[in-house]
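Trainee: Before I ask anything, let me first share the structure, which is written out below as structure tokens.
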Amino acid sequence: MLLDDVADASARVAATRSRLAKRAVLVDVLRRAAADGPDDVAIVSRYLGGELRQRRTGLGWRSLTGMPLPADAPSLTVGEVDAAFAHMAGLSGSGSSTARLEAARALFAAATEREQHLLRGLVSGELRQGALDALLLDAVAEAAGVPADVVRRAAMLAGETEAVAVAALGASSPSAARTALDAFTLTVGRPVRPMLAQSAPDVPTAVAQLAGTGDAPAVPVVVDTKLDGIRIQVHRDGDEVRVYTRSLDDVTARVPEIVAAVRALPAHTLVLDGEALALDAEGRPRPFQETASRSATRDADLAASATLTPFFFDVLHVDGHDLLDAPLRERLAVLDRVAAPHVVQRVVTSDPAVAAGHFRSVVAAGQEGVVVKAADAPYEAGRRGAAWVKVKPRHTLDLVVLAVERGSGRRAGTLSNIHLGARDPAGGFVMLGKTFKGMTDEMLAWQTRRFRELEVADDGWTVTLRPEQVVEIAFDGLQRSTRYPGGLALRFARVLRYRDDKSAAEADTIDTVRALVAPT
DNA sequence: TTCCGACAGTGGGGTCGCAAT
DNA sequence: ATTGCGACCCCACTATCGGAA
């Protein structure tokens with residue numbers, strides 16, 4: 001199949017907002033790829049889902065500036081394109097950047113304008129066609145003539161879409177496709193997509209939001225402690241242990257202490273879901289930045305400077321028994337039996353006051369919050385279902401908008417991303433970060449007008465403002481920063497509302513912000 | 001007919017490793 | 001030694017479509 005066929009399909013997908021129409025386009029091109037064989041299905045399904053097959057190519061958005069002019073006529077096959085990226089991904093060592101850029105230039109020179117557009121989207125990870133993995137799975141289902149939930153479940157258990165698309169579209173009939181898809185089962189050593197949580201502002205709301213608890217009053221819910229670390233999925237088969245991140249990256253080699261901890265558990269085969277984080281001598285959590293540093297490094301000396309401790313909150317398999325479809329309360333009974341020293345603290349209660357009390361006590365202990373879970377829910381791999389709802393404390397500040405950046409994509413033409421400053425009692429403002437979150441379209445339109453009134457300079461990307469507009473900001477906490485002059489940055493800042501009832505002179509001060517930093 | 005679940009998009013700060021400067 | 005880039009940890013929130021109710 002030609003890359004041009006994929007580029008054409010992507011453009012047509014982007015051109016409509018109807019998901020059904022997008023799906024129809026995807027179905028058509030998937031069927032044509034299937035006629036060209038499984039290799040083309042593998043590549044085309046990846047590209048339609050917005051990804052390259054190579055996880056890391058060494059190319060990014062920046063590298064793609066200054067590519068050659070497009071070719072007049074299409075000639076590239078998807079197989080040639082995949083081979084070109086595989087070559088680039090394999091380059092390493094001195095001179096590799098130059099060689100990689102050369103290879104990219106050769107590829108782009110052979111690509112037409114719409115093919116170049118597709119390639120840029122794939123390399124940058126921003127295809128912006130309004131369809132990614134989920135819609136692609138629907139299209140695979142329709143193209144293969146099987147129910148969408150069968151394809152979805154296969155993809156969740158496979159931890160990826162490509163192999164599922166190849167299996168479904170390589171089958172000679174819908175019933176053969178179904179058989180091929182049913183062969184994707186939980187396999188020890190192959191990661192599944194992790195179950196995700198919705199969020200709620202407080203514990204009572206979270207309980208009310210919970211699905212699967214029925215409408216009877218006083219149904220017990222599970223209230224798990226939410227730890228501020230990195231998500232881990234650990235597979236054990238005898239002495240063989242593998243550790244995967246939330247995006248299913250294999251990080252086994254970086255976390256020997258987790259491997260050792262799981263090897264010591266009383267089970268032969270295991271699949272566990274949990275969180276790993278750095279603790280201090282008293283067992284209190286260290287700041288997330290330390291956990292991130294420890295888990296990202298491959299340097300042995302750096303790794304020795306801190307230890308990650310695993311805590312598990314779910315078990316998907318133990319000694320030949322799959323537990324995905326078992327209710328949470330049964331999975332937890334098994335978890336407590338096989339992972340006792342490394343289980344997340346929880347309470348199970350039907351009393352909202354007890355649930356709220358647990359939230360307060362874990363936050364006081366320095367933890368991130370809680371996850372409220374329906375006790376009868378299965379493990380829904382890959383879903384952000386209403387069976388798990390997280391609750392974290394929220395802080396707010398009244399800050400001043402110092403500048404604003406132009407938006408892109410659907411925010412093109414608006415002033416979007418605002419720079420946030422706290423008042424300095426000595427004069428001026430101290431920038432603490434930026435945010436684009438929490439804005440409605442109406443707010444975007446309003447602020448685009450408002451900030452033009454306050455404009456003092458415009459470099460074509462960032463508009464500098466007179467510091468007059470006050471905005472109420474919610475955030476999760478403060479972190480150390482080398483980027484900002486106050487040495488502090490807001491974590492997960494989002495706009496709650498603009499405050500026209502306050503002047504900049506009444507905004508919160510940097511001293512107030514510093515007082516929020518927990519003593520270490 | 002209205003409601004709501006799921007999805008895609010729009011970016012945020014920080015960390016590391018690596019190659020180029 | 002420093003800098004810039006790419007990759008990947010953590011992530012909140014809104015708009016939209018289309019099936020469910």
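FYI, nothing fancy with the structure tokens labels: chains A, B, ... in order, residues from 1 per chain, ligands from 1 as they appear.
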Excluding Glu240 (chain A) and its own-chain neighbours fewer than 6 positions away, which residues fall within 9 Å of it when counting only C-alpha atoms (C1' of nucleotides)? Please give them as number ranges by chain.
Mentor: A: 189, 259, 263
Trainee: Please, which residues in chain C fall within 7 Å of chain A when counting only C-alpha atoms (C1' of nucleotides), and what is the closest atom pair and distance in Å to one decimal for each, ordered by chain then residue number, as a Markdown table?
Mentor:
| residue | atom | partner | partner_atom | distance |
| --- | --- | --- | --- | --- |
| C:DG6 | C1' | A:Gly58 | CA | 6.0 |
| C:DC9 | C1' | A:Ala292 | CA | 6.3 |
| C:DC11 | C1' | A:Phe492 | CA | 6.4 |
| C:DA12 | C1' | A:Lys437 | CA | 6.4 |
| C:DC13 | C1' | A:Gly438 | CA | 5.0 |
| C:DT14 | C1' | A:Thr440 | CA | 6.3 |
| C:DC17 | C1' | A:Arg19 | CA | 6.6 |
Trainee: Quick one: pull the distance between CA of Val400 (chain A) and CA of Ala457 (chain A), Å, one decimal.
Mentor: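 Straight-line distance from CA of Val400 (chain A) to CA of Ala457 (chain A) works out to 17.0 Å.
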Trainee: For region 216-225 of chain A, find every residue with an atom within 10 Å (counting only C-alpha atoms (C1' of nucleotides)), except residues of its own chain fewer than 6 positions away, and show them as a PyMOL selection string.
Mentor: chain A and resi 203+207+210+313+328-329+332+343-352+354-356+358-359+361-363+367-376+388-391
Trainee: Could you write out that same residue set with N, CA, C and O atoms as a compact mmCIF listing (two decimals), in the first residue's frame?
Mentor:
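Below is the file again-v6.txt, written as the result:
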# COMPACT_ATOMS: atom_id res chain seq x y z
N VAL A 203 -14.79 13.27 48.81
CA VAL A 203 -15.14 11.86 49.01
C VAL A 203 -16.64 11.59 48.83
O VAL A 203 -17.01 10.63 48.15
N VAL A 207 -18.15 8.89 46.11
CA VAL A 207 -19.01 7.75 46.43
C VAL A 207 -20.28 7.80 45.58
O VAL A 207 -20.71 6.78 45.03
N LEU A 210 -19.74 6.69 41.99
CA LEU A 210 -19.31 5.31 41.80
C LEU A 210 -20.35 4.50 41.05
O LEU A 210 -21.54 4.53 41.37
N PHE A 313 -2.20 -2.45 44.73
CA PHE A 313 -3.62 -2.28 45.08
C PHE A 313 -4.53 -3.21 44.29
O PHE A 313 -5.74 -3.17 44.46
N LEU A 328 -13.82 -6.81 42.78
CA LEU A 328 -12.67 -6.25 43.49
C LEU A 328 -12.50 -6.89 44.87
O LEU A 328 -11.38 -7.19 45.28
N ARG A 329 -13.60 -7.11 45.60
CA ARG A 329 -13.43 -7.62 46.95
C ARG A 329 -12.76 -8.99 46.95
O ARG A 329 -11.96 -9.30 47.84
N LEU A 332 -9.05 -8.42 46.19
CA LEU A 332 -8.32 -7.88 47.34
C LEU A 332 -8.04 -8.97 48.37
O LEU A 332 -6.99 -8.94 49.03
N VAL A 343 1.05 -4.04 50.36
CA VAL A 343 -0.30 -3.71 49.94
C VAL A 343 -0.64 -2.29 50.38
O VAL A 343 -0.30 -1.89 51.50
N VAL A 344 -1.28 -1.53 49.50
CA VAL A 344 -1.70 -0.16 49.81
C VAL A 344 -2.71 -0.18 50.97
O VAL A 344 -3.59 -1.03 51.01
N GLN A 345 -2.55 0.77 51.88
CA GLN A 345 -3.50 0.86 53.00
C GLN A 345 -4.89 1.22 52.50
O GLN A 345 -5.04 2.08 51.64
N ARG A 346 -5.89 0.54 53.07
CA ARG A 346 -7.26 0.83 52.62
C ARG A 346 -8.23 0.66 53.78
O ARG A 346 -7.90 0.00 54.78
N VAL A 347 -9.41 1.26 53.62
CA VAL A 347 -10.53 0.92 54.48
C VAL A 347 -11.68 0.50 53.58
O VAL A 347 -11.80 0.95 52.45
N VAL A 348 -12.49 -0.44 54.07
CA VAL A 348 -13.70 -0.83 53.37
C VAL A 348 -14.86 -0.45 54.28
O VAL A 348 -14.92 -0.88 55.43
N THR A 349 -15.72 0.43 53.76
CA THR A 349 -16.75 0.96 54.64
C THR A 349 -17.99 1.36 53.85
O THR A 349 -17.90 1.68 52.67
N SER A 350 -19.13 1.35 54.52
CA SER A 350 -20.34 1.90 53.91
C SER A 350 -20.69 3.23 54.58
O SER A 350 -21.71 3.83 54.27
N ASP A 351 -19.83 3.68 55.48
CA ASP A 351 -20.07 4.92 56.22
C ASP A 351 -19.26 6.05 55.56
O ASP A 351 -18.03 6.04 55.61
N PRO A 352 -19.94 7.02 54.96
CA PRO A 352 -19.23 8.11 54.28
C PRO A 352 -18.27 8.85 55.21
O PRO A 352 -17.22 9.33 54.77
N VAL A 354 -16.50 7.56 57.60
CA VAL A 354 -15.27 6.77 57.73
C VAL A 354 -14.40 6.96 56.50
O VAL A 354 -13.17 7.11 56.58
N ALA A 355 -15.05 6.96 55.33
CA ALA A 355 -14.31 7.17 54.08
C ALA A 355 -13.62 8.53 54.09
O ALA A 355 -12.43 8.66 53.76
N ALA A 356 -14.36 9.56 54.50
CA ALA A 356 -13.79 10.91 54.55
C ALA A 356 -12.67 10.99 55.58
O ALA A 356 -11.67 11.68 55.38
N HIS A 358 -10.63 8.58 56.39
CA HIS A 358 -9.44 7.95 55.80
C HIS A 358 -8.72 8.94 54.88
O HIS A 358 -7.50 9.03 54.91
N PHE A 359 -9.51 9.65 54.09
CA PHE A 359 -8.92 10.67 53.20
C PHE A 359 -8.10 11.67 54.02
O PHE A 359 -6.94 11.95 53.70
N SER A 361 -6.78 11.39 56.99
CA SER A 361 -5.61 10.85 57.68
C SER A 361 -4.48 10.53 56.70
O SER A 361 -3.32 10.73 57.02
N VAL A 362 -4.82 10.05 55.49
CA VAL A 362 -3.71 9.75 54.55
C VAL A 362 -3.08 11.04 54.03
O VAL A 362 -1.87 11.09 53.81
N VAL A 363 -3.88 12.08 53.86
CA VAL A 363 -3.32 13.36 53.41
C VAL A 363 -2.42 13.94 54.50
O VAL A 363 -1.33 14.45 54.23
N GLN A 367 0.39 11.54 52.00
CA GLN A 367 0.03 10.83 50.77
C GLN A 367 -0.80 11.73 49.85
O GLN A 367 -1.28 12.78 50.26
N GLU A 368 -0.98 11.27 48.61
CA GLU A 368 -1.59 12.13 47.60
C GLU A 368 -3.10 12.26 47.75
O GLU A 368 -3.68 13.28 47.38
N GLY A 369 -3.75 11.21 48.25
CA GLY A 369 -5.21 11.24 48.38
C GLY A 369 -5.74 9.83 48.47
O GLY A 369 -5.06 8.95 49.00
N VAL A 370 -6.96 9.62 47.95
CA VAL A 370 -7.54 8.28 47.98
C VAL A 370 -8.16 7.96 46.62
O VAL A 370 -8.41 8.85 45.80
N VAL A 371 -8.37 6.66 46.39
CA VAL A 371 -9.16 6.22 45.25
C VAL A 371 -10.33 5.41 45.81
O VAL A 371 -10.11 4.41 46.50
N VAL A 372 -11.54 5.89 45.56
CA VAL A 372 -12.74 5.19 46.03
C VAL A 372 -13.17 4.22 44.94
O VAL A 372 -13.28 4.60 43.77
N LYS A 373 -13.41 2.95 45.32
CA LYS A 373 -13.67 1.91 44.32
C LYS A 373 -14.93 1.12 44.66
O LYS A 373 -15.19 0.83 45.83
N ALA A 374 -15.66 0.76 43.61
CA ALA A 374 -16.82 -0.13 43.78
C ALA A 374 -16.30 -1.54 44.09
O ALA A 374 -15.50 -2.08 43.35
N ALA A 375 -16.80 -2.11 45.18
CA ALA A 375 -16.26 -3.39 45.65
C ALA A 375 -16.63 -4.56 44.75
O ALA A 375 -15.99 -5.60 44.79
N ASP A 376 -17.67 -4.37 43.94
CA ASP A 376 -18.12 -5.50 43.12
C ASP A 376 -17.67 -5.38 41.67
O ASP A 376 -18.07 -6.17 40.82
N TRP A 388 -13.69 3.33 39.61
CA TRP A 388 -12.61 3.91 40.42
C TRP A 388 -12.71 5.43 40.32
O TRP A 388 -12.72 5.98 39.21
N VAL A 389 -12.73 6.11 41.46
CA VAL A 389 -12.80 7.56 41.46
C VAL A 389 -11.76 8.11 42.45
O VAL A 389 -11.78 7.77 43.63
N LYS A 390 -10.85 8.96 41.95
CA LYS A 390 -9.80 9.48 42.82
C LYS A 390 -10.19 10.83 43.41
O LYS A 390 -10.94 11.60 42.80
N VAL A 391 -9.68 11.08 44.60
CA VAL A 391 -9.92 12.35 45.29
C VAL A 391 -8.59 12.86 45.83
O VAL A 391 -7.86 12.13 46.50
Trainee: Using CA of Ala71 (chain A) and CA of Leu118 (chain A) as the two end points, give the distance in Å to one decimal.
Mentor: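 Going from CA of Ala71 (chain A) over to CA of Leu118 (chain A) covers 14.0 Å.
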Trainee: Please report as a PyMOL selection string which residues of chain B come no farther than 8 Å from chain A, using only C-alpha atoms (C1' of nucleotides).
Mentor: chain B and resi 7-16+19
Trainee: For the structure I just gave you, how does DSSP split region 324-400 of chain A - specifically, which residues are strand (DSSP E or B)? Reply as a count of residues only.
Mentor: 21
Trainee: Mind dumping a table of every chain C residue within 12 Å of region 2-6 of chain B, with the nearest atom pair and its distance in Å to one decimal, using only C-alpha atoms (C1' of nucleotides), sorted by chain and rising number, as a tab-separated table?
Mentor:
residue	atom	partner	partner_atom	distance
C:DT16	C1'	B:DA6	C1'	10.4
C:DC17	C1'	B:DA6	C1'	9.6
C:DG18	C1'	B:DG5	C1'	10.1
C:DG19	C1'	B:DG5	C1'	9.1
C:DA20	C1'	B:DC4	C1'	8.3
C:DA21	C1'	B:DC3	C1'	7.5
Trainee: Using C-alpha atoms (C1' of nucleotides), can you write the selected residues to a file as a compact mmCIF listing (two decimals), in the first residue's frame?
Mentor:
# COMPACT_ATOMS: atom_id res chain seq x y z
C1' DT C 16 -18.19 16.78 21.00
C1' DC C 17 -20.57 12.72 19.07
C1' DG C 18 -23.71 9.22 19.31
C1' DG C 19 -25.74 5.50 21.87
C1' DA C 20 -28.51 4.90 26.15
C1' DA C 21 -32.32 6.08 28.77
Trainee: Quick check, in Å to one decimal: how far apart do CA of Arg193 (chain A) and CA of Ile232 (chain A) lie?
Mentor: 11.1 Å
Trainee: Within 6 Å of Arg242 (chain A), counting only C-alpha atoms (C1' of nucleotides), which residues qualify if same-chain residues fewer than 2 places away don't, as a ChimeraX atom specification?
Mentor: /A:234-235,252
Trainee: For each of A:Met195, A:Leu415, A:Ala177, A:Val271, take the minimum atom-to-atom distance to Leu465 (chain A), counting only C-alpha atoms, then give the residue where this is smallest.
Mentor: A:Leu415
